[in-house]
$ cat start-v2.csv   # CSV, C-alpha atoms
chain,number,residue,atom,x,y,z
A,1,MET,CA,0.0,0.0,0.0
A,2,SER,CA,1.5,3.3,-1.1
A,3,TYR,CA,1.3,6.5,1.1
A,4,ASP,CA,-1.8,8.4,-0.1
A,5,VAL,CA,-1.0,12.0,0.9
A,6,GLY,CA,-4.2,13.2,-0.7
A,7,ALA,CA,-6.3,11.0,1.6
A,8,VAL,CA,-4.3,12.2,4.5
A,9,ARG,CA,-4.8,15.9,3.6
A,10,ALA,CA,-8.6,15.4,3.2
A,11,GLN,CA,-8.8,14.6,7.0
A,12,PHE,CA,-7.5,18.1,8.0
A,13,PRO,CA,-10.2,20.8,7.9
A,14,ALA,CA,-7.6,23.6,8.3
A,15,LEU,CA,-5.9,22.7,5.0
A,16,ARG,CA,-9.0,23.9,3.2
A,17,SER,CA,-7.7,27.5,3.8
A,18,GLY,CA,-5.1,26.9,1.1
A,19,THR,CA,-2.1,27.7,3.2
A,20,ALA,CA,1.0,25.5,2.6
A,21,HIS,CA,2.1,24.7,6.1
A,22,PHE,CA,5.8,24.2,6.8
A,23,ASP,CA,5.4,25.2,10.4
A,24,GLY,CA,4.9,21.7,11.8
A,25,PRO,CA,7.8,21.9,14.2
A,26,GLY,CA,5.9,24.7,16.0
A,27,GLY,CA,2.6,22.7,15.9
A,28,THR,CA,0.7,20.7,13.4
A,29,GLN,CA,-2.8,21.1,12.1
A,30,THR,CA,-5.6,18.9,13.6
A,31,PRO,CA,-7.4,16.0,11.9
A,32,ALA,CA,-11.2,15.8,12.0
A,33,SER,CA,-11.1,12.7,14.1
A,34,VAL,CA,-9.2,14.5,16.9
A,35,ILE,CA,-11.6,17.4,16.8
A,36,ALA,CA,-14.6,15.0,17.0
A,37,ALA,CA,-13.1,13.1,19.9
A,38,ILE,CA,-12.7,16.3,21.9
A,39,GLY,CA,-16.3,17.2,21.2
A,40,GLU,CA,-17.6,13.8,22.0
A,41,ALA,CA,-15.8,13.7,25.4
A,42,MET,CA,-17.4,17.0,26.3
A,43,SER,CA,-20.9,16.0,25.1
A,44,ARG,CA,-21.0,13.0,27.5
A,45,PRO,CA,-21.4,13.1,31.3
A,46,LEU,CA,-18.1,13.9,33.0
A,47,SER,CA,-17.1,14.2,36.6
A,48,ILE,CA,-14.3,13.4,39.0
A,49,ARG,CA,-13.0,9.9,38.2
A,50,GLY,CA,-14.8,7.0,39.8
A,51,ALA,CA,-16.7,3.8,39.2
A,52,ALA,CA,-20.3,4.4,40.0
A,53,LEU,CA,-22.0,7.0,37.8
A,54,PRO,CA,-21.6,7.6,34.1
A,55,GLY,CA,-19.6,10.8,34.5
A,56,GLU,CA,-17.2,9.0,36.8
A,57,THR,CA,-16.7,6.0,34.5
A,58,ASN,CA,-16.4,8.2,31.4
A,59,ALA,CA,-13.6,10.2,33.0
A,60,GLU,CA,-11.8,7.0,34.2
A,61,GLU,CA,-12.0,5.5,30.8
A,62,ILE,CA,-10.6,8.6,29.1
A,63,VAL,CA,-7.7,8.8,31.5
A,64,LEU,CA,-6.8,5.1,31.2
A,65,GLY,CA,-7.3,5.2,27.4
A,66,PHE,CA,-5.0,8.2,27.2
A,67,ARG,CA,-2.2,6.5,29.2
A,68,ARG,CA,-2.5,3.3,27.1
A,69,ALA,CA,-2.4,5.2,23.8
A,70,MET,CA,0.7,7.2,24.8
A,71,ALA,CA,2.4,4.1,26.1
A,72,ASP,CA,1.8,2.4,22.8
A,73,LEU,CA,3.2,5.5,21.0
A,74,LEU,CA,6.4,5.7,23.1
A,75,GLY,CA,7.0,2.0,23.9
A,76,ALA,CA,6.4,2.8,27.6
A,77,ASP,CA,4.5,1.5,30.6
A,78,PRO,CA,1.0,3.1,30.9
A,79,GLY,CA,1.7,3.5,34.6
A,80,GLY,CA,4.6,5.8,33.9
A,81,ILE,CA,2.7,8.2,31.6
A,82,VAL,CA,2.3,11.7,33.2
A,83,TYR,CA,0.0,14.4,31.8
A,84,GLY,CA,1.3,18.0,31.8
A,85,ARG,CA,0.2,21.4,30.5
A,86,SER,CA,3.3,21.4,28.3
A,87,ALA,CA,6.7,19.8,27.9
A,88,THR,CA,8.2,22.9,29.4
A,89,GLN,CA,6.0,22.8,32.4
A,90,LEU,CA,6.8,19.1,33.0
A,91,THR,CA,10.5,19.7,32.7
A,92,TYR,CA,10.4,22.6,35.2
A,93,ASP,CA,8.4,20.4,37.6
A,94,PHE,CA,10.8,17.5,37.3
A,95,SER,CA,13.8,19.8,37.5
A,96,ARG,CA,12.6,21.2,40.9
A,97,THR,CA,11.8,17.7,42.2
A,98,LEU,CA,15.1,16.1,41.1
A,99,GLY,CA,17.1,19.2,41.9
A,100,GLY,CA,15.9,19.0,45.5
A,101,SER,CA,18.2,16.0,46.1
A,102,TRP,CA,21.3,17.7,44.6
A,103,SER,CA,24.1,19.1,46.7
A,104,PRO,CA,26.7,21.8,46.2
A,105,GLY,CA,29.4,20.4,43.8
A,106,ASP,CA,27.0,18.0,42.0
A,107,GLU,CA,27.0,18.4,38.2
A,108,VAL,CA,24.4,18.6,35.5
A,109,VAL,CA,25.1,18.3,31.8
A,110,VAL,CA,23.1,20.2,29.2
A,111,SER,CA,23.5,20.5,25.4
A,112,ARG,CA,23.8,23.5,23.2
A,113,LEU,CA,21.7,21.7,20.6
A,114,ASP,CA,18.6,21.8,22.8
A,115,HIS,CA,15.5,23.9,22.9
A,116,ASP,CA,15.7,26.2,25.9
A,117,ALA,CA,13.0,24.2,27.6
A,118,ASN,CA,15.5,21.4,28.2
A,119,ILE,CA,18.3,23.8,29.3
A,120,ARG,CA,17.0,26.6,31.5
A,121,PRO,CA,15.0,24.4,33.9
A,122,TRP,CA,18.2,22.4,34.7
A,123,VAL,CA,20.3,25.5,34.9
A,124,ARG,CA,18.0,27.1,37.4
A,125,ALA,CA,17.7,23.9,39.4
A,126,ALA,CA,21.5,23.7,39.5
A,127,GLU,CA,21.8,27.3,40.7
A,128,ARG,CA,19.4,26.6,43.5
A,129,ALA,CA,21.3,23.5,44.6
A,130,GLY,CA,24.8,25.0,44.2
A,131,ALA,CA,25.5,22.4,41.5
A,132,VAL,CA,27.8,22.9,38.5
A,133,VAL,CA,26.4,23.1,34.9
A,134,ARG,CA,28.6,21.6,32.2
A,135,TRP,CA,27.9,22.1,28.5
A,136,ALA,CA,28.1,19.6,25.7
A,137,ASP,CA,28.7,21.4,22.3
A,138,PHE,CA,27.6,20.2,18.9
A,139,ASP,CA,29.7,20.8,15.8
A,140,PRO,CA,28.4,23.9,14.0
A,141,ALA,CA,29.9,22.8,10.7
A,142,THR,CA,28.1,19.4,10.6
A,143,GLY,CA,25.3,19.9,13.1
A,144,GLU,CA,26.4,16.7,14.9
A,145,LEU,CA,26.3,16.1,18.6
A,146,PRO,CA,28.5,13.0,19.0
A,147,PRO,CA,28.2,10.9,22.1
A,148,GLU,CA,31.8,11.6,23.1
A,149,ALA,CA,30.9,15.3,23.3
A,150,VAL,CA,28.5,14.4,26.1
A,151,GLY,CA,30.8,11.8,27.5
A,152,ALA,CA,33.6,14.3,27.9
A,153,GLN,CA,31.5,16.3,30.4
A,154,LEU,CA,30.7,13.3,32.6
A,155,THR,CA,32.3,12.9,36.0
A,156,GLU,CA,31.6,11.0,39.2
A,157,ARG,CA,29.6,14.0,40.4
A,158,THR,CA,27.2,14.0,37.4
A,159,ARG,CA,23.6,13.7,38.5
A,160,LEU,CA,21.6,14.3,35.3
A,161,VAL,CA,22.2,14.8,31.6
A,162,ALA,CA,19.6,16.6,29.5
A,163,VAL,CA,19.7,16.2,25.8
A,164,THR,CA,17.3,16.4,22.8
A,165,GLY,CA,16.1,13.5,20.8
A,166,ALA,CA,16.1,15.8,17.7
A,167,SER,CA,16.9,19.5,17.3
A,168,ASN,CA,13.8,21.6,16.7
A,169,LEU,CA,16.1,24.1,14.9
A,170,ILE,CA,18.2,22.0,12.5
A,171,GLY,CA,16.7,18.5,12.9
A,172,THR,CA,19.9,16.7,14.2
A,173,ARG,CA,19.1,13.4,15.8
A,174,PRO,CA,21.9,12.5,18.3
A,175,ASP,CA,22.7,8.9,19.0
A,176,ILE,CA,20.6,8.7,22.2
A,177,PRO,CA,21.2,5.0,23.0
A,178,ALA,CA,25.0,5.6,22.9
A,179,ILE,CA,24.7,8.7,25.0
A,180,ALA,CA,22.5,6.8,27.5
A,181,GLY,CA,25.1,4.1,27.8
A,182,LEU,CA,27.7,6.7,28.8
A,183,VAL,CA,25.3,8.5,31.2
A,184,HIS,CA,24.3,5.4,33.0
A,185,ARG,CA,27.8,4.1,33.3
A,186,ALA,CA,28.6,7.4,35.1
A,187,GLY,CA,25.7,6.7,37.5
A,188,ALA,CA,23.5,9.6,36.2
A,189,LEU,CA,20.0,9.9,34.9
A,190,LEU,CA,19.1,10.9,31.3
A,191,TYR,CA,16.3,13.3,30.5
A,192,VAL,CA,15.4,13.4,26.8
A,193,ASP,CA,13.4,16.1,25.1
A,194,GLY,CA,11.5,14.1,22.5
A,195,VAL,CA,9.2,16.9,21.4
A,196,HIS,CA,10.5,17.1,17.8
A,197,LEU,CA,11.6,13.5,17.5
A,198,THR,CA,8.2,12.0,18.3
A,199,ALA,CA,6.6,13.9,15.4
A,200,HIS,CA,8.7,12.0,12.9
A,201,HIS,CA,10.1,8.7,14.2
A,202,THR,CA,9.1,5.7,16.1
A,203,VAL,CA,10.0,6.1,19.8
A,204,ASP,CA,11.0,3.3,22.2
A,205,VAL,CA,12.0,4.8,25.5
A,206,GLU,CA,13.5,1.6,26.7
A,207,ARG,CA,15.7,1.2,23.6
A,208,LEU,CA,16.7,4.8,23.8
A,209,GLY,CA,17.7,4.4,27.4
A,210,ALA,CA,15.9,7.5,28.5
A,211,ASP,CA,15.0,7.6,32.2
A,212,PHE,CA,12.6,10.5,31.4
A,213,PHE,CA,11.2,11.3,28.0
A,214,VAL,CA,8.9,14.3,27.2
A,215,CYS,CA,6.9,15.1,24.1
A,216,SER,CA,4.0,17.3,23.0
A,217,PRO,CA,0.9,15.8,21.2
A,218,TYR,CA,0.3,19.1,19.4
A,219,LYS,CA,3.4,18.4,17.3
A,220,PHE,CA,1.8,15.1,16.1
A,221,PHE,CA,-1.8,16.2,15.3
A,222,GLY,CA,-3.1,16.3,18.9
A,223,PRO,CA,-4.2,18.9,21.5
A,224,HIS,CA,-1.8,21.4,23.1
A,225,HIS,CA,-0.2,19.8,26.2
A,226,GLY,CA,2.8,17.8,27.2
A,227,VAL,CA,3.4,14.1,28.2
A,228,LEU,CA,6.3,12.6,30.2
A,229,ALA,CA,7.1,8.9,30.1
A,230,ALA,CA,9.2,7.2,32.8
A,231,ARG,CA,9.4,3.8,34.6
A,232,PRO,CA,6.8,3.7,37.3
A,233,GLU,CA,9.3,2.4,39.8
A,234,LEU,CA,11.6,5.4,39.1
A,235,LEU,CA,8.6,7.8,39.5
A,236,ASP,CA,7.8,6.2,42.8
A,237,THR,CA,11.2,7.3,44.2
A,238,LEU,CA,10.4,11.0,43.5
A,239,ARG,CA,8.4,13.2,45.9
A,240,PRO,CA,7.0,16.2,44.1
A,241,ASP,CA,5.1,19.1,45.7
A,242,LYS,CA,1.4,18.2,45.9
A,243,LEU,CA,-1.7,18.9,47.9
A,244,ALA,CA,-2.1,17.0,51.2
A,245,PRO,CA,-5.5,15.3,50.3
A,246,SER,CA,-4.5,14.5,46.7
A,247,THR,CA,-3.5,10.9,45.8
A,248,ASP,CA,0.1,9.8,46.2
A,249,ALA,CA,-0.3,7.1,43.5
A,250,VAL,CA,2.0,7.1,40.5
A,251,PRO,CA,1.6,8.7,38.0
A,252,GLU,CA,-1.2,10.8,39.6
A,253,ARG,CA,1.1,12.4,42.2
A,254,PHE,CA,2.7,14.4,39.4
A,255,GLU,CA,-0.6,15.7,37.9
A,256,LEU,CA,-1.9,18.7,39.8
A,257,GLY,CA,-5.7,19.3,39.9
A,258,THR,CA,-8.5,17.8,37.9
A,259,LEU,CA,-7.3,16.5,34.5
A,260,PRO,CA,-8.6,17.9,31.2
A,261,TYR,CA,-10.5,14.8,30.1
A,262,GLU,CA,-11.4,16.3,26.7
A,263,VAL,CA,-7.8,17.0,25.9
A,264,MET,CA,-6.7,13.5,26.9
A,265,ALA,CA,-9.5,12.1,24.7
A,266,GLY,CA,-8.1,14.2,21.8
A,267,THR,CA,-4.6,12.9,22.4
A,268,ARG,CA,-5.8,9.3,22.3
A,269,ALA,CA,-7.5,10.0,19.0
A,270,ALA,CA,-4.3,11.6,17.6
A,271,VAL,CA,-2.4,8.4,18.4
A,272,ASP,CA,-5.1,6.4,16.7
A,273,PHE,CA,-5.0,8.7,13.7
A,274,LEU,CA,-1.2,8.2,13.4
A,275,ALA,CA,-1.7,4.4,13.6
A,276,SER,CA,-4.2,4.6,10.8
A,277,LEU,CA,-1.5,5.9,8.4
A,278,GLY,CA,0.5,2.7,8.3
A,279,ALA,CA,1.3,1.1,4.9
A,280,GLY,CA,0.3,-2.5,5.0
A,281,SER,CA,-0.8,-2.6,8.7
A,282,GLY,CA,-3.8,-4.9,8.9
A,283,ALA,CA,-6.9,-4.1,11.0
A,284,ASP,CA,-6.0,-7.1,13.3
A,285,ALA,CA,-2.5,-5.7,14.1
A,286,GLY,CA,-1.9,-4.2,17.5
A,287,ARG,CA,-1.7,-0.4,17.8
A,288,ARG,CA,2.0,-0.4,18.5
A,289,GLU,CA,2.7,-2.5,15.4
A,290,ARG,CA,0.5,-0.2,13.3
A,291,LEU,CA,2.3,2.9,14.7
A,292,ARG,CA,5.6,1.4,13.6
A,293,SER,CA,4.3,0.9,10.1
A,294,ALA,CA,2.8,4.4,10.0
A,295,TYR,CA,6.1,6.1,11.1
A,296,ALA,CA,7.9,4.1,8.4
A,297,ALA,CA,5.5,5.4,5.8
A,298,ILE,CA,5.6,9.0,7.1
A,299,ASP,CA,9.4,9.0,7.2
A,300,ALA,CA,9.6,7.8,3.6
A,301,HIS,CA,7.2,10.5,2.5
A,302,GLU,CA,8.7,13.3,4.4
A,303,THR,CA,12.3,12.3,3.5
A,304,ALA,CA,11.5,12.3,-0.2
A,305,LEU,CA,10.1,15.8,0.0
A,306,ARG,CA,13.1,17.0,2.1
A,307,VAL,CA,15.6,15.7,-0.4
A,308,TYR,CA,13.7,17.3,-3.2
A,309,ILE,CA,13.8,20.7,-1.4
A,310,GLU,CA,17.5,20.4,-0.5
A,311,LYS,CA,18.5,19.7,-4.1
A,312,ALA,CA,16.4,22.6,-5.4
A,313,VAL,CA,17.6,25.0,-2.7
A,314,ARG,CA,21.2,24.3,-3.4
A,315,GLY,CA,20.6,25.7,-6.9
A,316,LEU,CA,19.6,29.1,-5.5
A,317,ASP,CA,22.2,31.7,-5.1
A,318,GLY,CA,22.9,33.1,-1.6
A,319,VAL,CA,21.1,30.3,0.3
A,320,THR,CA,22.9,28.3,3.1
A,321,VAL,CA,21.3,25.1,4.5
A,322,ARG,CA,22.3,24.8,8.1
A,323,SER,CA,20.7,21.4,8.6
A,324,ARG,CA,23.6,18.9,7.8
A,325,ALA,CA,23.6,16.0,10.2
A,326,ALA,CA,23.6,12.5,8.8
A,327,GLU,CA,20.6,11.5,10.9
A,328,ARG,CA,17.9,14.2,11.1
A,329,THR,CA,14.3,15.0,10.9
A,330,PRO,CA,12.7,16.6,7.7
A,331,THR,CA,13.6,20.1,9.1
A,332,LEU,CA,15.7,22.6,7.2
A,333,LEU,CA,17.1,25.8,8.6
A,334,LEU,CA,17.9,28.3,5.8
A,335,THR,CA,19.9,31.6,5.9
A,336,PHE,CA,20.3,34.1,3.1
A,337,GLU,CA,23.4,36.0,2.2
A,338,GLY,CA,22.8,39.7,2.8
A,339,ARG,CA,19.1,39.1,3.4
A,340,ASP,CA,17.0,38.7,6.6
A,341,ALA,CA,15.2,35.5,7.1
A,342,THR,CA,12.2,37.4,8.5
A,343,ASP,CA,11.9,39.1,5.1
A,344,ALA,CA,11.8,35.7,3.4
A,345,TYR,CA,9.1,34.6,5.9
A,346,ARG,CA,7.0,37.6,5.0
A,347,ALA,CA,7.5,37.2,1.3
A,348,LEU,CA,6.4,33.6,1.5
A,349,ALA,CA,3.4,34.5,3.7
A,350,ARG,CA,2.1,36.8,1.0
A,351,THR,CA,1.8,33.8,-1.2
A,352,GLY,CA,0.1,31.6,1.3
A,353,VAL,CA,3.2,29.7,2.3
A,354,HIS,CA,3.9,29.4,6.1
A,355,ALA,CA,7.6,28.9,6.8
A,356,PRO,CA,8.5,30.9,9.9
A,357,ALA,CA,11.7,32.6,10.8
A,358,GLY,CA,13.6,32.8,14.1
A,359,SER,CA,15.6,30.8,16.6
A,360,PHE,CA,12.4,29.0,17.9
A,361,TYR,CA,13.6,29.0,21.6
A,362,ALA,CA,16.8,27.1,20.6
A,363,LEU,CA,18.8,30.1,21.6
A,364,GLU,CA,22.0,28.3,22.4
A,365,ALA,CA,21.9,26.4,19.1
A,366,SER,CA,21.3,29.5,17.1
A,367,ARG,CA,24.2,31.3,18.8
A,368,HIS,CA,26.5,28.3,18.4
A,369,LEU,CA,25.8,28.4,14.7
A,370,GLY,CA,26.9,32.0,14.6
A,371,LEU,CA,23.3,33.3,13.9
A,372,GLY,CA,22.9,35.1,17.2
A,373,ASP,CA,19.3,35.2,18.4
A,374,SER,CA,17.9,35.6,14.9
A,375,GLY,CA,18.2,32.0,13.6
A,376,GLY,CA,16.9,31.5,10.1
A,377,LEU,CA,14.0,30.4,8.0
A,378,ARG,CA,12.7,27.0,9.2
A,379,VAL,CA,11.1,24.7,6.7
A,380,GLY,CA,9.4,21.9,8.6
A,381,LEU,CA,7.7,19.0,6.8
A,382,SER,CA,4.7,17.1,8.1
A,383,ALA,CA,2.8,14.0,7.0
A,384,TYR,CA,0.2,16.2,5.2
A,385,ASN,CA,2.7,18.2,3.0
A,386,ASP,CA,2.6,17.3,-0.7
A,387,THR,CA,4.6,18.2,-3.8
A,388,ASP,CA,2.3,21.2,-4.5
A,389,ASP,CA,3.2,22.7,-1.2
A,390,VAL,CA,6.9,22.1,-2.0
A,391,GLU,CA,6.6,23.7,-5.4
A,392,ARG,CA,4.9,26.8,-3.9
A,393,LEU,CA,7.7,27.1,-1.3
A,394,LEU,CA,10.4,26.8,-4.0
A,395,THR,CA,8.7,29.3,-6.3
A,396,GLY,CA,8.3,31.7,-3.3
A,397,LEU,CA,12.0,31.4,-2.4
A,398,SER,CA,13.1,32.0,-6.0
A,399,ASP,CA,10.9,35.1,-6.3
A,400,PHE,CA,12.2,36.4,-3.0
A,401,LEU,CA,15.8,36.0,-4.1
A,402,ARG,CA,15.3,37.4,-7.5

$ encode --input "start-v2.csv" --output "structure tokens"
Amino acid sequence: MSYDVGAVRAQFPALRSGTAHFDGPGGTQTPASVIAAIGEAMSRPLSIRGAALPGETNAEEIVLGFRRAMADLLGADPGGIVYGRSATQLTYDFSRTLGGSWSPGDEVVVSRLDHDANIRPWVRAAERAGAVVRWADFDPATGELPPEAVGAQLTERTRLVAVTGASNLIGTRPDIPAIAGLVHRAGALLYVDGVHLTAHHTVDVERLGADFFVCSPYKFFGPHHGVLAARPELLDTLRPDKLAPSTDAVPERFELGTLPYEVMAGTRAAVDFLASLGAGSGADAGRRERLRSAYAAIDAHETALRVYIEKAVRGLDGVTVRSRAAERTPTLLLTFEGRDATDAYRALARTGVHAPAGSFYALEASRHLGLGDSGGLRVGLSAYNDTDDVERLLTGLSDFLR
């Protein structure tokens, strides 16, 4: 079965506007099935979770369905799936909890490749504890973050390493399993920002070796919030701030207040939508198997479009492609000789093409590339992009440079 991008696009009401969206790294459009799931959840009785009345059982079913869906997506244990308002909020929460056990002289390693959401929470937690922050640098010429760059920062005082699964700015996918091996041999924990990675590639948190893994469903067709996956037994060792009467069960002890059931229903629907995109995955296949098939099909589709764009862009005078790593997502950062990337964004916007400009909160990466805080023009492909979108992008860039 070939990947039918036309059939995929037909499921996204927002695409009827005619905009060619290359802004997926900042958030994808939403399929009709997810929108319907949110509405359906809110149209049925809902109340605090329980087992007696319809509102209680509906809420319980939604929460458990959400945890099972995200566990299937991430290769995780449903009992270790934590809901959060955003990946940033979850990382701040866990940085405060984990940092509470650090002592002066302990060390934390962060990467300059990362979004600031996986840097600043750890820097602040280290400051509060009197811990030392050590930096792992990527190669600005290649965009690569080799495991040894992280390994060189590890000592017997390292308590935690924070690293991205894929750069939201230039797409680089570090070798997380190799990094995890080094981190664990040093006796430290590994916190992986998988927000950009999860939108494009199959995730298996155990294979990656991530002790903590965060992602954001709105980057893969779901509602706006964050999710953290960890082993339940690891979560059970952590004592976050919580209200006295609230449950101490895992993972609920990390989820403050009443959960947004409609959002969780939408996320389950987003995972099911992803699973439906698999090439050759039969109806009798399990959801995890169908997700693997779907990601393979999406990757092949997105990679073909990325390669086509790269070849075309190399023929344009004055354009530099900053995304160069061997393993990367379908994400291109472009800069223009003597031209501002913001002007390119505005020129494209006038033609109905959305490719935003900036550093996208990856400040350290942008600065390390020599781009200051300005970054460049980011072209991010998603499962619903097609060749017409690409041709409109390339025509717009050619007209801008002319």

$ closest_residue --input "start-v2.csv" --among "A:Ala36, A:Ala71, A:Leu238, A:Val205" --to "A:Gly99" --atoms "only C-alpha atoms"
A:Leu238

$ atom_distance --input "start-v2.csv" --atom1 "atom CA of A:Leu197" --atom2 "atom CA of A:Gly165"
5.6 Å

$ atom_distance --input "start-v2.csv" --atom1 "atom CA of A:Ala126" --atom2 "atom CA of A:Glu107"
7.7 Å

$ residues_around --input "start-v2.csv" --residues "stretch 15-21 of chain A" --least-positions-apart "2" --cutoff "6 Å" --atoms "all atoms listed in the file" --output "VMD selection string"
chain A and resid 12 to 13 23 352 to 354 389

$ residues_around --input "start-v2.csv" --residues "A:Leu363" --least-positions-apart "5" --cutoff "9 Å" --atoms "all atoms listed in the file" --output "short mmCIF file (atom, residue, chain, number, x, y, z; two decimals) with C-alpha atoms, in the frame of the given file"
data_model
loop_
_atom_site.label_atom_id
_atom_site.label_comp_id
_atom_site.auth_asym_id
_atom_site.auth_seq_id
_atom_site.Cartn_x
_atom_site.Cartn_y
_atom_site.Cartn_z
CA ARG A 112 23.80 23.50 23.20
CA LEU A 113 21.70 21.70 20.60
CA ASP A 114 18.60 21.80 22.80
CA HIS A 115 15.50 23.90 22.90
CA ASP A 116 15.70 26.20 25.90
CA HIS A 368 26.50 28.30 18.40
CA GLY A 372 22.90 35.10 17.20
CA ASP A 373 19.30 35.20 18.40
CA SER A 374 17.90 35.60 14.90
CA GLY A 375 18.20 32.00 13.60
#

$ atom_distance --input "start-v2.csv" --atom1 "atom CA of A:Ala244" --atom2 "atom CA of A:Gly257"
12.1 Å

$ closest_residue --input "start-v2.csv" --among "A:Phe22, A:Ala41, A:Thr387, A:Ile48" --to "A:Leu348" --atoms "all atoms listed in the file"
A:Phe22

$ residues_around --input "start-v2.csv" --residues "A:Lys242" --least-positions-apart "3" --cutoff "8 Å" --atoms "only C-alpha atoms" --output "JSON, numbers by chain"
{"A": [246, 253, 254, 256]}

$ closest_residue --input "start-v2.csv" --among "A:Tyr384, A:Phe66, A:Phe360, A:Phe213" --to "A:Gly266" --atoms "all atoms listed in the file"
A:Phe66

$ residues_around --input "start-v2.csv" --residues "A:Ala325" --least-positions-apart "2" --cutoff "6 Å" --atoms "only C-alpha atoms" --output "ChimeraX atom specification"
/A:142-144,172,327

$ residues_near_point --input "start-v2.csv" --point "(5.6, 7.1, 26.2)" --cutoff "7 Å" --atoms "only C-alpha atoms" --output "ChimeraX atom specification"
/A:70-76,81,205,228-229
